[in-house]
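Visitor: Encoded as structure tokens, here's the structure I'll be asking about.
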Amino acid sequence: SSSKSEELRFPMASLSFCGQTTAAFWLANGSTLQTVQTSGLDTYKIAITSDAGGASQRDCSVTLYDIGGGTQYGSMVRRVEVWNQEKYQGPRGLIYTVDCSNHKDLDLAGTYLTEIIDEGGVDGGALLVFANKQDVSGALSAEDLEALPWMRAIKTNGKVARVHVQPCIATAGTGLREGLEWLGSS
């Protein structure tokens, strides 16, 4: 069994109140707390071991940069651009959290994500989408999120190398570690 250690860094973005800070806190601490909307930049370090097919394993240190949710369109895109210029080291990518229970803002979430990608916020790297709030009655499933026109366009536009939509419940930690293991698996 070979072991390889690597440090990965990813910004996290979303609309406001989608659960990205809760997800980041849960991943770093194994528990949740009452969170408030992030203003500025919060940093979380997480260690993961990914089984890459049985014989080899990859140990990763993942640093998540919670750049805050946005309702001001240009503001969030600018924060991702600034993060990429100032903090970027290693594989490019993005973790984007979608509140799947908020049907009225799903298209807006897609608009934000598309703009971040169009502005180079993923730069040919990996995109992990947390399909959050799966415990809420009527929440869009991860499969239905993947089928939305904006998500299909992102998967085929050639600007993102890999895309994974991970169903999750940030308040319980469900699905979060699996998403990070996917990021660390290649």
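Following the order of the structure tokens, chains are lettered A, B, ..., residues in each are numbered from 1, and ligands are numbered from 1.
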Skipping near chain neighbours, those fewer than 2 positions away, what residues fall within 9 Å of segment 149-161 of chain A using only C-alpha atoms, listed as a list in words?

Guide: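 The residues that qualify are Gly93, Asp107, Gly110, Thr111, Leu113, Thr114, Ile117, Asp118, Gly120, Val122, Asp123, Gly124, Gly125, Ala126, Leu127, Leu145, Glu146, Ala147 and Val163 of chain A.
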
Visitor: Report the residues of segment 129-185 of chain A whose backbone DSSP state falls under strand (DSSP E), written as a ChimeraX atom specification.

Guide: /A:129-132,162-167

Visitor: How about saving the chosen residues, all heavy atoms kept, as a compact mmCIF listing (two decimals), in the first residue's frame?

Guide:
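File written: selection24.txt
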```txt
# COMPACT_ATOMS: atom_id res chain seq x y z
N VAL A 129 -20.44 20.28 -6.00
CA VAL A 129 -21.67 20.98 -5.64
C VAL A 129 -22.33 20.20 -4.52
O VAL A 129 -22.67 19.02 -4.68
CB VAL A 129 -22.63 21.09 -6.85
CG1 VAL A 129 -23.93 21.77 -6.43
CG2 VAL A 129 -21.97 21.86 -7.99
N PHE A 130 -22.46 20.84 -3.37
CA PHE A 130 -23.21 20.24 -2.27
C PHE A 130 -24.69 20.55 -2.48
O PHE A 130 -25.09 21.72 -2.45
CB PHE A 130 -22.76 20.78 -0.91
CG PHE A 130 -21.50 20.15 -0.37
CD1 PHE A 130 -20.49 20.94 0.14
CD2 PHE A 130 -21.34 18.77 -0.34
CE1 PHE A 130 -19.34 20.38 0.66
CE2 PHE A 130 -20.20 18.19 0.17
CZ PHE A 130 -19.19 18.99 0.68
N ALA A 131 -25.48 19.52 -2.72
CA ALA A 131 -26.94 19.64 -2.85
C ALA A 131 -27.51 19.54 -1.44
O ALA A 131 -27.87 18.46 -0.96
CB ALA A 131 -27.48 18.54 -3.76
N ASN A 132 -27.54 20.68 -0.75
CA ASN A 132 -27.83 20.73 0.68
C ASN A 132 -29.33 20.74 0.98
O ASN A 132 -30.15 21.01 0.13
CB ASN A 132 -27.16 21.97 1.29
CG ASN A 132 -27.13 21.90 2.81
OD1 ASN A 132 -27.16 20.84 3.40
ND2 ASN A 132 -27.05 23.07 3.44
N ARG A 162 -13.97 18.28 -13.90
CA ARG A 162 -14.78 17.25 -13.25
C ARG A 162 -15.87 17.94 -12.44
O ARG A 162 -15.62 18.97 -11.82
CB ARG A 162 -13.94 16.40 -12.30
CG ARG A 162 -12.78 15.71 -12.94
CD ARG A 162 -11.95 14.87 -11.95
NE ARG A 162 -11.55 15.63 -10.77
CZ ARG A 162 -11.70 15.21 -9.51
NH1 ARG A 162 -12.27 14.07 -9.24
NH2 ARG A 162 -11.29 15.96 -8.50
N VAL A 163 -17.05 17.34 -12.44
CA VAL A 163 -18.17 17.87 -11.66
C VAL A 163 -18.78 16.72 -10.88
O VAL A 163 -18.99 15.63 -11.41
CB VAL A 163 -19.26 18.49 -12.58
CG1 VAL A 163 -20.43 19.00 -11.74
CG2 VAL A 163 -18.70 19.60 -13.44
N HIS A 164 -19.07 16.99 -9.61
CA HIS A 164 -19.76 16.01 -8.78
C HIS A 164 -20.81 16.74 -7.96
O HIS A 164 -20.52 17.75 -7.32
CB HIS A 164 -18.78 15.30 -7.85
CG HIS A 164 -19.43 14.32 -6.93
ND1 HIS A 164 -20.06 13.17 -7.38
CD2 HIS A 164 -19.55 14.31 -5.58
CE1 HIS A 164 -20.54 12.50 -6.34
NE2 HIS A 164 -20.24 13.17 -5.24
N VAL A 165 -22.03 16.24 -7.99
CA VAL A 165 -23.10 16.78 -7.15
C VAL A 165 -23.31 15.79 -6.01
O VAL A 165 -23.65 14.62 -6.23
CB VAL A 165 -24.41 16.98 -7.95
CG1 VAL A 165 -25.53 17.47 -7.04
CG2 VAL A 165 -24.18 17.96 -9.10
N GLN A 166 -23.06 16.26 -4.79
CA GLN A 166 -23.14 15.42 -3.60
C GLN A 166 -24.34 15.81 -2.76
O GLN A 166 -24.41 16.94 -2.25
CB GLN A 166 -21.86 15.60 -2.76
CG GLN A 166 -21.86 14.85 -1.45
CD GLN A 166 -21.85 13.35 -1.65
OE1 GLN A 166 -21.08 12.83 -2.45
NE2 GLN A 166 -22.73 12.65 -0.95
N PRO A 167 -25.33 14.91 -2.61
CA PRO A 167 -26.44 15.22 -1.70
C PRO A 167 -25.92 15.31 -0.28
O PRO A 167 -25.03 14.55 0.12
CB PRO A 167 -27.39 14.03 -1.88
CG PRO A 167 -26.56 12.92 -2.44
CD PRO A 167 -25.43 13.57 -3.18
```

Visitor: Between A:Gly138, A:Gly30, A:Pro11, A:Gly19, single out the one closest to Arg92 of chain A, counting only C-alpha atoms.

Guide: A:Pro11

Visitor: Looking at only C-alpha atoms, which of A:Leu128, A:Glu115, A:His103, A:Ala28 is the one that sits closest to Ser61 of chain A?

Guide: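 Looking only at the distances to Ser61 of chain A, the closest residue turns out to be A:Ala28.
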
Visitor: From the options A:Leu64, A:Leu106, A:Cys18, A:Trp182, which residue's atoms come nearest to Leu94 of chain A, counting only C-alpha atoms?

Guide: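 Among A:Leu64, A:Leu106, A:Cys18, A:Trp182, it is A:Leu64 that comes nearest to Leu94 of chain A.
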
Visitor: Just give me the gap between atom CA of Thr63 of chain A and atom CA of Tyr96 of chain A in Å, one decimal is fine.

Guide: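 Distance between the two atoms: 14.7 Å.
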
Visitor: Pick from A:Cys100, A:Tyr112, A:Ala13, A:Gly184: nearest to Asp144 of chain A, with only C-alpha atoms counted?

Guide: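 So, comparing all the options, the nearest one is A:Cys100.
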
Visitor: Show which residues sit within 10 Å of Val136 of chain A, as a PyMOL selection string. Count only C-alpha atoms, and ignore same-chain residues fewer than 4 positions away.

Guide: chain A and resi 99-102+132+140+169

Visitor: Between atom CA of Ala24 of chain A and atom CA of Leu148 of chain A, what is the distance in Å, rounded to a tenth?

Guide: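 A separation of 25.3 Å between them.
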
Visitor: Would you mind reading off the distance between atom CA of Ala109 of chain A and atom CA of Glu7 of chain A, one decimal, in Å?

Guide: 28.6 Å
